[in-house]
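Chemist: Data file data-v4.txt (compact mmCIF, C-alpha atoms) is appended below.
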```txt
# COMPACT_ATOMS: atom_id res chain seq x y z
CA MET O 820 -103.17 51.94 138.43
CA THR O 821 -101.91 55.24 137.03
CA GLU O 822 -103.10 58.64 138.28
CA SER O 823 -105.25 58.96 135.17
CA GLU O 824 -106.77 55.52 135.79
CA LYS O 825 -107.50 56.50 139.42
CA GLY O 826 -109.37 59.59 138.23
CA GLY O 827 -111.28 57.48 135.71
CA PHE O 828 -112.13 54.96 138.40
CA LYS O 829 -113.55 57.65 140.64
CA ASP O 830 -115.54 59.11 137.75
CA ALA O 831 -116.98 55.72 136.86
CA ALA O 832 -117.72 54.82 140.49
CA ILE O 833 -119.56 58.09 141.14
CA SER O 834 -121.80 57.43 138.12
CA TYR O 835 -123.36 54.54 140.11
CA LEU O 836 -124.36 56.74 143.04
CA ASP O 837 -128.12 56.69 142.27
CA HIS O 838 -128.05 52.93 141.79
CA LEU O 839 -126.16 52.33 145.06
CA TYR O 840 -128.48 54.61 146.99
CA ARG O 841 -131.57 52.77 145.71
CA VAL O 842 -130.09 49.42 146.74
CA ALA O 843 -128.93 50.77 150.11
CA PHE O 844 -132.30 52.35 150.86
CA HIS O 845 -134.21 49.14 150.20
CA LEU O 846 -131.77 47.04 152.19
CA ALA O 847 -131.45 49.35 155.20
CA ARG O 848 -134.99 50.80 155.02
CA GLU O 849 -133.80 53.99 156.76
CA LYS O 850 -132.65 57.09 154.90
CA ALA O 851 -129.83 57.87 157.32
CA ASP O 852 -128.54 54.28 157.28
CA ALA O 853 -128.72 54.20 153.49
CA GLU O 854 -126.71 57.41 153.24
CA ASP O 855 -124.07 56.05 155.62
CA LEU O 856 -123.92 52.79 153.69
CA VAL O 857 -123.36 54.53 150.38
CA GLN O 858 -120.76 56.87 151.83
CA GLU O 859 -118.88 53.98 153.43
CA THR O 860 -119.12 51.98 150.19
CA TYR O 861 -117.36 54.75 148.26
CA LEU O 862 -114.72 55.13 150.94
CA GLN O 863 -114.00 51.38 150.90
CA ALA O 864 -114.00 51.34 147.10
CA MET O 865 -111.45 54.14 146.94
CA ILE O 866 -109.26 52.53 149.57
CA HIS O 867 -109.35 49.16 147.78
CA TYR O 868 -109.62 50.36 144.18
CA ASP O 869 -106.48 48.38 143.29
CA GLN O 870 -108.48 45.18 143.90
CA PHE O 871 -110.83 46.08 141.06
CA THR O 872 -109.89 44.75 137.63
CA PRO O 873 -110.47 47.49 135.04
CA GLY O 874 -112.95 46.47 132.37
CA THR O 875 -114.91 44.16 134.67
CA ASN O 876 -118.26 44.77 136.34
CA LEU O 877 -117.78 47.92 138.45
CA LYS O 878 -121.50 48.23 139.28
CA GLY O 879 -121.47 44.68 140.66
CA TRP O 880 -118.19 45.21 142.51
CA LEU O 881 -119.51 48.34 144.25
CA THR O 882 -122.81 46.64 145.06
CA LYS O 883 -120.97 43.70 146.60
CA ILE O 884 -119.02 46.08 148.85
CA LEU O 885 -122.28 47.77 149.84
CA TYR O 886 -124.05 44.48 150.54
CA ASN O 887 -121.18 43.17 152.67
CA LEU O 888 -121.11 46.41 154.64
CA PHE O 889 -124.85 46.13 155.17
CA VAL O 890 -124.60 42.54 156.39
CA ASN O 891 -121.69 43.29 158.71
CA ARG O 892 -122.91 46.56 160.07
CA TYR O 893 -126.68 46.59 160.13
CA HIS O 894 -127.72 43.02 159.93
CA ARG O 895 -125.32 41.03 162.09
CA ASN O 896 -127.25 41.55 165.29
CA LYS O 897 -130.66 40.94 163.84
CA ARG O 898 -132.20 37.52 164.05
CA MET O 899 -132.14 35.68 160.76
CA VAL O 900 -135.58 34.41 159.83
CA SER O 901 -135.40 31.73 157.19
CA LEU O 902 -138.17 31.57 154.61
CA ASP O 903 -138.02 27.82 154.98
CA ARG O 904 -139.53 28.24 158.41
CA THR O 905 -142.06 30.96 157.69
CA ASN O 906 -145.74 30.34 158.07
CA ASP O 907 -147.53 28.89 155.08
CA GLU O 908 -149.98 31.80 155.21
CA THR O 909 -147.52 33.70 153.04
CA GLY O 910 -146.12 30.70 151.21
CA ALA O 911 -147.54 28.48 148.52
CA SER O 912 -151.11 27.97 149.76
CA TRP O 913 -152.58 30.87 147.76
CA MET O 914 -151.11 29.44 144.58
CA ASP O 915 -153.05 26.22 145.08
CA ALA O 916 -156.27 28.22 145.03
CA LEU O 917 -155.49 29.90 141.70
CA GLY O 918 -158.03 29.07 139.05
CA GLU O 919 -160.63 28.21 141.66
CA GLU O 920 -160.94 31.64 143.25
CA GLY O 921 -160.78 34.20 140.51
CA GLY O 922 -158.36 35.63 138.05
CA GLY O 923 -155.18 37.55 137.70
CA PRO O 924 -154.03 40.97 138.84
CA GLU O 925 -155.16 42.98 135.81
CA ALA O 926 -153.94 46.50 135.16
CA ALA O 927 -155.32 47.94 138.40
CA VAL O 928 -152.53 46.38 140.37
CA LEU O 929 -149.96 48.80 139.00
CA LYS O 930 -151.65 51.75 140.69
CA ALA O 931 -149.54 53.78 143.10
CA GLU O 932 -151.52 52.53 146.09
CA LEU O 933 -150.62 48.97 145.30
CA GLN O 934 -147.01 49.84 144.67
CA ASP O 935 -146.96 51.21 148.21
CA LYS O 936 -148.43 47.94 149.48
CA LEU O 937 -145.74 46.04 147.63
CA LYS O 938 -143.00 48.26 149.02
CA GLU O 939 -144.35 47.71 152.52
CA ALA O 940 -144.52 43.95 151.97
CA LEU O 941 -140.98 43.94 150.56
CA GLY O 942 -139.73 45.68 153.70
CA GLY O 943 -141.31 42.94 155.79
CA LEU O 944 -139.46 40.11 154.07
CA PRO O 945 -136.48 38.48 155.75
CA GLU O 946 -133.23 39.97 154.43
CA GLU O 947 -132.14 36.75 152.71
CA SER O 948 -135.16 36.96 150.39
CA ARG O 949 -135.39 40.74 150.18
CA ALA O 950 -131.86 41.10 148.81
CA PRO O 951 -132.42 39.04 145.61
CA VAL O 952 -135.63 40.96 144.86
CA ILE O 953 -133.84 44.30 145.31
CA LEU O 954 -130.87 43.21 143.22
CA VAL O 955 -132.91 41.73 140.36
CA ASP O 956 -136.04 43.90 140.21
CA ILE O 957 -134.66 47.23 141.38
CA ALA O 958 -130.99 47.08 140.43
CA GLY O 959 -131.47 45.02 137.26
CA PHE O 960 -128.75 42.45 137.92
CA SER O 961 -128.75 39.00 136.33
CA TYR O 962 -128.98 35.89 138.52
CA ALA O 963 -125.26 35.23 137.97
CA GLU O 964 -124.37 38.74 139.13
CA VAL O 965 -126.63 38.43 142.18
CA ALA O 966 -125.04 35.07 143.04
CA ASP O 967 -121.64 36.77 142.97
CA ILE O 968 -122.78 39.73 145.08
CA LEU O 969 -124.47 37.53 147.69
CA SER O 970 -121.74 34.85 147.49
CA CYS O 971 -124.23 32.03 146.99
CA PRO O 972 -125.10 29.58 144.17
CA ILE O 973 -127.36 30.72 141.30
CA GLY O 974 -129.90 28.06 142.31
CA THR O 975 -130.23 29.74 145.70
CA VAL O 976 -130.86 33.11 144.05
CA ARG O 977 -133.49 31.49 141.84
CA SER O 978 -135.35 29.79 144.69
CA ARG O 979 -135.15 32.72 147.12
CA LEU O 980 -136.39 35.08 144.46
CA PHE O 981 -139.30 32.84 143.61
CA ARG O 982 -140.30 32.36 147.24
CA ALA O 983 -140.02 36.08 147.94
CA ARG O 984 -142.14 36.93 144.90
CA SER O 985 -144.73 34.33 145.82
CA ILE O 986 -145.02 35.84 149.30
CA LEU O 987 -145.39 39.33 147.82
CA ALA O 988 -147.90 38.13 145.22
CA GLY O 989 -149.89 36.34 147.93
CA LYS O 990 -150.08 39.51 150.01
CA LEU O 991 -150.96 41.64 147.01
CA ARG O 992 -153.65 39.23 145.91
CA ALA O 993 -155.16 39.17 149.41
CA TYR O 994 -155.19 42.97 149.43
CA VAL O 995 -156.82 43.22 145.99
CA ARG O 996 -159.47 40.64 146.94
CA GLN O 997 -160.22 42.48 150.16
CA LYS O 998 -160.67 45.75 148.27
CA ASN O 999 -163.00 44.25 145.65
CA MET M 1027 -148.15 1.20 123.81
CA PHE M 1028 -144.39 1.54 124.00
CA GLY M 1029 -144.30 4.83 122.13
CA ARG M 1030 -141.90 7.66 122.98
CA LYS M 1031 -142.84 9.24 126.27
CA THR M 1032 -143.69 12.93 125.93
CA LYS M 1033 -141.93 15.09 128.48
CA THR M 1034 -144.52 16.94 130.53
CA MET M 1035 -144.24 19.16 133.57
CA SER M 1036 -146.38 19.38 136.66
CA CYS M 1037 -147.57 22.74 137.98
CA ASP M 1038 -145.41 22.32 141.10
CA GLU M 1039 -142.30 21.87 138.97
CA ASN M 1040 -143.16 24.98 136.99
CA ARG M 1041 -143.71 27.50 139.73
CA GLU M 1042 -140.07 28.41 140.28
CA LYS M 1043 -139.40 28.35 136.55
CA ILE M 1044 -142.21 30.85 135.92
CA SER M 1045 -140.35 33.30 138.13
CA SER M 1046 -137.15 32.68 136.11
CA LEU M 1047 -139.08 33.02 132.84
CA ILE M 1048 -140.12 36.57 133.64
CA ASP M 1049 -136.45 37.44 134.28
CA ALA M 1050 -135.41 35.81 130.97
CA GLU M 1051 -133.23 33.42 132.97
CA LEU M 1052 -134.33 30.11 131.41
CA SER M 1053 -132.44 28.14 128.78
CA PRO M 1054 -134.16 28.00 125.36
CA SER M 1055 -135.25 24.39 125.97
CA GLU M 1056 -136.61 25.16 129.47
CA LYS M 1057 -138.42 28.18 128.07
CA GLU M 1058 -139.99 26.18 125.28
CA LEU M 1059 -141.15 23.44 127.64
CA LEU M 1060 -142.58 25.94 130.10
CA GLU M 1061 -144.34 27.98 127.44
CA ARG M 1062 -145.93 24.79 126.14
CA HIS M 1063 -147.24 24.10 129.65
CA LEU M 1064 -148.44 27.70 130.07
CA GLY M 1065 -150.40 27.35 126.84
CA MET M 1066 -152.36 24.51 128.40
CA CYS M 1067 -152.59 25.52 132.07
CA ALA M 1068 -154.72 28.50 133.10
CA LYS M 1069 -153.62 28.17 136.73
CA CYS M 1070 -149.94 28.61 135.86
CA ARG M 1071 -150.76 31.47 133.49
CA THR M 1072 -152.51 33.27 136.34
CA LEU M 1073 -149.50 32.68 138.55
CA GLU M 1074 -147.28 34.12 135.81
CA GLU M 1075 -149.46 37.24 135.72
CA TRP M 1076 -149.17 37.70 139.48
CA LEU M 1077 -145.40 37.20 139.52
CA ARG M 1078 -144.96 39.63 136.61
CA CYS M 1079 -147.15 42.11 138.42
CA VAL M 1080 -144.96 41.88 141.54
CA LYS M 1081 -141.79 42.39 139.50
CA GLU M 1082 -143.22 45.40 137.64
CA GLY M 1083 -144.69 46.89 140.81
CA ILE M 1084 -141.39 46.63 142.70
CA THR M 1085 -139.46 48.09 139.77
CA LEU M 1086 -141.89 51.00 139.39
CA SER M 1087 -142.06 51.69 143.12
CA ALA M 1088 -138.30 52.25 143.24
CA GLU M 1089 -138.10 54.48 140.18
CA ASN M 1090 -139.20 57.56 142.08
CA LEU M 1091 -136.56 57.22 144.76
CA THR M 1092 -134.15 60.11 144.36
CA LEU M 1093 -130.77 60.78 145.83
CA PRO M 1094 -130.98 63.01 148.93
CA THR M 1095 -129.81 66.57 148.31
CA GLY M 1096 -126.18 67.06 149.19
CA LEU M 1097 -125.26 63.37 149.43
CA ARG M 1098 -123.13 63.45 146.30
CA ASP M 1099 -121.12 66.43 147.53
CA LYS M 1100 -120.83 64.91 151.00
CA ILE M 1101 -119.43 61.70 149.54
CA LEU M 1102 -117.03 63.47 147.22
CA ALA M 1103 -115.76 65.60 150.09
CA SER M 1104 -115.15 62.52 152.23
CA LEU M 1105 -113.14 60.57 149.66
CA PRO M 1106 -109.35 60.38 149.60
CA ASP M 1107 -107.78 62.89 147.24
CA MET M 1108 -108.41 61.59 143.73
CA PRO M 1109 -109.51 64.49 141.53
CA LEU M 1110 -112.56 63.97 139.37
CA LYS M 1111 -111.84 64.71 135.74
CA ARG M 1112 -115.38 65.78 135.06
CA ASP M 1113 -118.80 65.86 136.64
CA PRO M 1114 -120.65 62.72 135.42
CA VAL M 1115 -124.03 64.35 136.10
CA PRO M 1116 -124.97 66.72 133.25
CA TRP M 1117 -125.61 70.35 134.23
CA TRP M 1118 -129.29 70.13 133.22
CA LYS M 1119 -129.86 67.15 135.50
CA ARG M 1120 -128.30 69.00 138.43
CA LEU M 1121 -130.49 71.99 137.65
CA LEU M 1122 -133.62 69.78 137.66
CA ARG M 1123 -132.66 68.26 141.02
CA ARG M 1124 -132.39 71.71 142.59
CA SER M 1125 -135.80 72.82 141.37
```
Write the structure described by the file as structure tokens, please.
Modeler:
Amino acid sequence: MTESEKGGFKDAAISYLDHLYRVAFHLAREKADAEDLVQETYLQAMIHYDQFTPGTNLKGWLTKILYNLFVNRYHRNKRMVSLDRTNDETGASWMDALGEEGGGPEAAVLKAELQDKLKEALGGLPEESRAPVILVDIAGFSYAEVADILSCPIGTVRSRLFRARSILAGKLRAYVRQKN
Amino acid sequence: MFGRKTKTMSCDENREKISSLIDAELSPSEKELLERHLGMCAKCRTLEEWLRCVKEGITLSAENLTLPTGLRDKILASLPDMPLKRDPVPWWKRLLRRS
């Protein structure tokens, strides 16, 4: 990489700062940890910039560095809770009742109050399901890009995303029903 | 009696695909098959509404998250010496952040 290319790389990398902070904040759930994660991501990216192929997906490359740092630094010591073993209370049971117990979410569900509920529920998900939701719904990545960032098959992204969303929808629906 | 069997889908099969539909991650044939099912199944349509609502709610909830003041400068100061050619954030955006 020439000096000019290095400068261009830094320019391009810095343009993803807002994106990386949003991802870091939702993964780490603490402002200070998110700031450290983003800072460390840029440091690692600059140190290893020669491993990036110009013209490829820089946003994805940076996000992969950030995710790996998060897993290694903040997540390693936490107990992994698999969605496969979570209680059915948050799983598929509410979907079986659809059609028998009332309708859909309607426009009211997009109110700020309910967004807060969703954010809270997202924070409570196990990391393995939270990450695909953050990467698809917040960062706007495709399933193929998420599979690359998380180093897992696309089918895993698809199923984890669905299960995470069904948990969130189940909680949201319970909240809306309680309010009404 | 031995006519061509029409391919149909059960609601259980569809659930995961509904989530992929809202992300535009289905193949054209999968999409067509699912949309045909959704046209006939109120239960799956309601599920689609809830899953869309979750996606939209999560997206909207993150839109207001702003970069903490000073983080950009802190990061730039900590990086190895590689001069920036230009500031990628327009002056008017920086001005808005300060206010």
Chemist: Extract, using all atoms listed in the file, all DNA, RNA and protein residues at most 9 Å from Leu881 in chain O, discarding same-chain residues fewer than 6 positions from it, and format them as a PDB file with C-alpha atoms, keeping the file's coordinate frame.
Modeler:
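What ended up in around.pdb:
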```pdb
ATOM      1  CA  ALA O 832    -117.720  54.820 140.490  1.00  0.00           C
ATOM      2  CA  TYR O 835    -123.360  54.540 140.110  1.00  0.00           C
ATOM      3  CA  LEU O 839    -126.160  52.330 145.060  1.00  0.00           C
ATOM      4  CA  THR O 860    -119.120  51.980 150.190  1.00  0.00           C
ATOM      5  CA  TYR O 861    -117.360  54.750 148.260  1.00  0.00           C
ATOM      6  CA  ALA O 864    -114.000  51.340 147.100  1.00  0.00           C
TER       7      ALA O 864
END
```
Chemist: Excluding same-chain residues fewer than 6 positions from range 1034-1043 of chain M, what lies within 9 Å of it counting all atoms listed in the file, as JSON, numbers by chain?
Modeler: {"O": [977, 978, 980, 981, 982], "M": [1051, 1052, 1056, 1057, 1059, 1060, 1063, 1067, 1069, 1070, 1073, 1074]}
Chemist: Using only C-alpha atoms, which protein or nucleic acid residues come within 9 Å of Arg984 in chain O? Drop anything in the same chain fewer than 6 positions from it, and give the result as a list in words.
Modeler: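 Listing them by chain and then by number gives Ser948 and Val952 of chain O; Ser1045, Trp1076, Leu1077, Val1080 and Lys1081 of chain M.
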Chemist: CA of Ser1055 in chain M to CA of Val965 in chain O: how many Å, to one decimal?
Modeler: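 CA of Val965 in chain O lies 23.1 Å from CA of Ser1055 in chain M.
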Chemist: With distances taken over only C-alpha atoms, which residue among O:His867, O:Gly879, O:Phe889, O:Asp837 lies nearest Asp852 in chain O?
Modeler: O:Phe889
Chemist: Enter the distance from CA of Leu1097 in chain M to CA of Glu854 in chain O, in Å, rounded to one decimal.
Modeler: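 According to the coordinates, CA of Leu1097 in chain M and CA of Glu854 in chain O are separated by 7.2 Å.
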Chemist: So, with only C-alpha atoms as the atoms that count, which of O:Val890, O:Ile833, O:Ala950, O:Ala993 lies closest to chain M?
Modeler: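 Distance minimum relative to chain M lands on O:Ile833.
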Chemist: Name the closest residue to Gly989 in chain O among the candidates O:Gln870, O:Ala931, O:Ala940, O:Leu846; distances are taken between atoms, counting only C-alpha atoms.
Modeler: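 For Gly989 in chain O, the nearest of the given residues is O:Ala940.
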Chemist: List as JSON lines every residue of chain M that is in contact with chain O, defined as an atom at most 9 Å from one of its atoms (using only C-alpha atoms), together with the nearest atom pair and the distance in Å rounded to one decimal, sorted by chain and then rising number.
Modeler:
```
{"residue": "M:Arg1041", "atom": "CA", "partner": "O:Phe981", "partner_atom": "CA", "distance": 7.9}
{"residue": "M:Glu1042", "atom": "CA", "partner": "O:Phe981", "partner_atom": "CA", "distance": 5.6}
{"residue": "M:Lys1043", "atom": "CA", "partner": "O:Phe981", "partner_atom": "CA", "distance": 8.4}
{"residue": "M:Ile1044", "atom": "CA", "partner": "O:Phe981", "partner_atom": "CA", "distance": 8.5}
{"residue": "M:Ser1045", "atom": "CA", "partner": "O:Phe981", "partner_atom": "CA", "distance": 5.6}
{"residue": "M:Ser1046", "atom": "CA", "partner": "O:Arg977", "partner_atom": "CA", "distance": 6.9}
{"residue": "M:Asp1049", "atom": "CA", "partner": "O:Ser961", "partner_atom": "CA", "distance": 8.1}
{"residue": "M:Glu1051", "atom": "CA", "partner": "O:Tyr962", "partner_atom": "CA", "distance": 7.4}
{"residue": "M:Ala1068", "atom": "CA", "partner": "O:Gly918", "partner_atom": "CA", "distance": 6.8}
{"residue": "M:Lys1069", "atom": "CA", "partner": "O:Gly918", "partner_atom": "CA", "distance": 5.1}
{"residue": "M:Cys1070", "atom": "CA", "partner": "O:Leu917", "partner_atom": "CA", "distance": 8.2}
{"residue": "M:Arg1071", "atom": "CA", "partner": "O:Gly923", "partner_atom": "CA", "distance": 8.6}
{"residue": "M:Thr1072", "atom": "CA", "partner": "O:Gly923", "partner_atom": "CA", "distance": 5.2}
{"residue": "M:Leu1073", "atom": "CA", "partner": "O:Met914", "partner_atom": "CA", "distance": 7.0}
{"residue": "M:Glu1074", "atom": "CA", "partner": "O:Gly923", "partner_atom": "CA", "distance": 8.8}
{"residue": "M:Glu1075", "atom": "CA", "partner": "O:Gly923", "partner_atom": "CA", "distance": 6.1}
{"residue": "M:Trp1076", "atom": "CA", "partner": "O:Pro924", "partner_atom": "CA", "distance": 5.9}
{"residue": "M:Leu1077", "atom": "CA", "partner": "O:Ala988", "partner_atom": "CA", "distance": 6.3}
{"residue": "M:Cys1079", "atom": "CA", "partner": "O:Pro924", "partner_atom": "CA", "distance": 7.0}
{"residue": "M:Val1080", "atom": "CA", "partner": "O:Ala988", "partner_atom": "CA", "distance": 6.0}
{"residue": "M:Lys1081", "atom": "CA", "partner": "O:Asp956", "partner_atom": "CA", "distance": 6.0}
{"residue": "M:Glu1082", "atom": "CA", "partner": "O:Leu929", "partner_atom": "CA", "distance": 7.7}
{"residue": "M:Gly1083", "atom": "CA", "partner": "O:Gln934", "partner_atom": "CA", "distance": 5.4}
{"residue": "M:Ile1084", "atom": "CA", "partner": "O:Asp956", "partner_atom": "CA", "distance": 6.5}
{"residue": "M:Thr1085", "atom": "CA", "partner": "O:Ile957", "partner_atom": "CA", "distance": 5.1}
{"residue": "M:Leu1086", "atom": "CA", "partner": "O:Gln934", "partner_atom": "CA", "distance": 7.4}
{"residue": "M:Ser1087", "atom": "CA", "partner": "O:Gln934", "partner_atom": "CA", "distance": 5.5}
{"residue": "M:Ala1088", "atom": "CA", "partner": "O:Ile957", "partner_atom": "CA", "distance": 6.5}
{"residue": "M:Glu1089", "atom": "CA", "partner": "O:Ile957", "partner_atom": "CA", "distance": 8.1}
{"residue": "M:Leu1091", "atom": "CA", "partner": "O:Arg841", "partner_atom": "CA", "distance": 6.8}
{"residue": "M:Thr1092", "atom": "CA", "partner": "O:Asp837", "partner_atom": "CA", "distance": 7.2}
{"residue": "M:Leu1093", "atom": "CA", "partner": "O:Asp837", "partner_atom": "CA", "distance": 6.0}
{"residue": "M:Pro1094", "atom": "CA", "partner": "O:Glu854", "partner_atom": "CA", "distance": 8.3}
{"residue": "M:Leu1097", "atom": "CA", "partner": "O:Glu854", "partner_atom": "CA", "distance": 7.2}
{"residue": "M:Arg1098", "atom": "CA", "partner": "O:Leu836", "partner_atom": "CA", "distance": 7.6}
{"residue": "M:Lys1100", "atom": "CA", "partner": "O:Gln858", "partner_atom": "CA", "distance": 8.1}
{"residue": "M:Ile1101", "atom": "CA", "partner": "O:Gln858", "partner_atom": "CA", "distance": 5.5}
{"residue": "M:Leu1102", "atom": "CA", "partner": "O:Ile833", "partner_atom": "CA", "distance": 8.5}
{"residue": "M:Ser1104", "atom": "CA", "partner": "O:Leu862", "partner_atom": "CA", "distance": 7.5}
{"residue": "M:Leu1105", "atom": "CA", "partner": "O:Leu862", "partner_atom": "CA", "distance": 5.8}
{"residue": "M:Pro1106", "atom": "CA", "partner": "O:Met865", "partner_atom": "CA", "distance": 7.1}
{"residue": "M:Met1108", "atom": "CA", "partner": "O:Gly826", "partner_atom": "CA", "distance": 5.9}
{"residue": "M:Pro1109", "atom": "CA", "partner": "O:Gly826", "partner_atom": "CA", "distance": 5.9}
{"residue": "M:Leu1110", "atom": "CA", "partner": "O:Gly826", "partner_atom": "CA", "distance": 5.5}
{"residue": "M:Lys1111", "atom": "CA", "partner": "O:Gly826", "partner_atom": "CA", "distance": 6.2}
{"residue": "M:Arg1112", "atom": "CA", "partner": "O:Asp830", "partner_atom": "CA", "distance": 7.2}
{"residue": "M:Asp1113", "atom": "CA", "partner": "O:Asp830", "partner_atom": "CA", "distance": 7.6}
{"residue": "M:Pro1114", "atom": "CA", "partner": "O:Ser834", "partner_atom": "CA", "distance": 6.0}
{"residue": "M:Val1115", "atom": "CA", "partner": "O:Ser834", "partner_atom": "CA", "distance": 7.5}
```
Chemist: Write the residues you've just listed into a file as a compact mmCIF listing (two decimals), keeping the file's coordinate frame, and include C-alpha atoms for each of them.
Modeler:
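The result, written out as out-v7.txt:
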```
# COMPACT_ATOMS: atom_id res chain seq x y z
CA ARG M 1041 -143.71 27.50 139.73
CA GLU M 1042 -140.07 28.41 140.28
CA LYS M 1043 -139.40 28.35 136.55
CA ILE M 1044 -142.21 30.85 135.92
CA SER M 1045 -140.35 33.30 138.13
CA SER M 1046 -137.15 32.68 136.11
CA ASP M 1049 -136.45 37.44 134.28
CA GLU M 1051 -133.23 33.42 132.97
CA ALA M 1068 -154.72 28.50 133.10
CA LYS M 1069 -153.62 28.17 136.73
CA CYS M 1070 -149.94 28.61 135.86
CA ARG M 1071 -150.76 31.47 133.49
CA THR M 1072 -152.51 33.27 136.34
CA LEU M 1073 -149.50 32.68 138.55
CA GLU M 1074 -147.28 34.12 135.81
CA GLU M 1075 -149.46 37.24 135.72
CA TRP M 1076 -149.17 37.70 139.48
CA LEU M 1077 -145.40 37.20 139.52
CA CYS M 1079 -147.15 42.11 138.42
CA VAL M 1080 -144.96 41.88 141.54
CA LYS M 1081 -141.79 42.39 139.50
CA GLU M 1082 -143.22 45.40 137.64
CA GLY M 1083 -144.69 46.89 140.81
CA ILE M 1084 -141.39 46.63 142.70
CA THR M 1085 -139.46 48.09 139.77
CA LEU M 1086 -141.89 51.00 139.39
CA SER M 1087 -142.06 51.69 143.12
CA ALA M 1088 -138.30 52.25 143.24
CA GLU M 1089 -138.10 54.48 140.18
CA LEU M 1091 -136.56 57.22 144.76
CA THR M 1092 -134.15 60.11 144.36
CA LEU M 1093 -130.77 60.78 145.83
CA PRO M 1094 -130.98 63.01 148.93
CA LEU M 1097 -125.26 63.37 149.43
CA ARG M 1098 -123.13 63.45 146.30
CA LYS M 1100 -120.83 64.91 151.00
CA ILE M 1101 -119.43 61.70 149.54
CA LEU M 1102 -117.03 63.47 147.22
CA SER M 1104 -115.15 62.52 152.23
CA LEU M 1105 -113.14 60.57 149.66
CA PRO M 1106 -109.35 60.38 149.60
CA MET M 1108 -108.41 61.59 143.73
CA PRO M 1109 -109.51 64.49 141.53
CA LEU M 1110 -112.56 63.97 139.37
CA LYS M 1111 -111.84 64.71 135.74
CA ARG M 1112 -115.38 65.78 135.06
CA ASP M 1113 -118.80 65.86 136.64
CA PRO M 1114 -120.65 62.72 135.42
CA VAL M 1115 -124.03 64.35 136.10
```
Chemist: So what do you get for CA of Leu877 in chain O versus CA of Leu856 in chain O, distance-wise?
Modeler: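 Separation of CA of Leu877 in chain O and CA of Leu856 in chain O: 17.1 Å.
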Chemist: Using all atoms of range 1085-1093 of chain M that appear in the file, construct an axis-aligned enclosing box with 8 Å of padding on every side and provide its centre coordinates and edge lengths in Å, rounded to one decimal, as AutoDock Vina command-line options.
Modeler:
```
--center_x -136.4 --center_y 54.4 --center_z 142.6 --size_x 27.3 --size_y 28.7 --size_z 22.4
```
Chemist: Would you please work out which residue, of O:Ala843, O:Ile973, O:Leu944, O:Val995, is nearest to Lys883 in chain O when using all atoms listed in the file?
Modeler: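 The answer is O:Ala843, which sits nearest to Lys883 in chain O.
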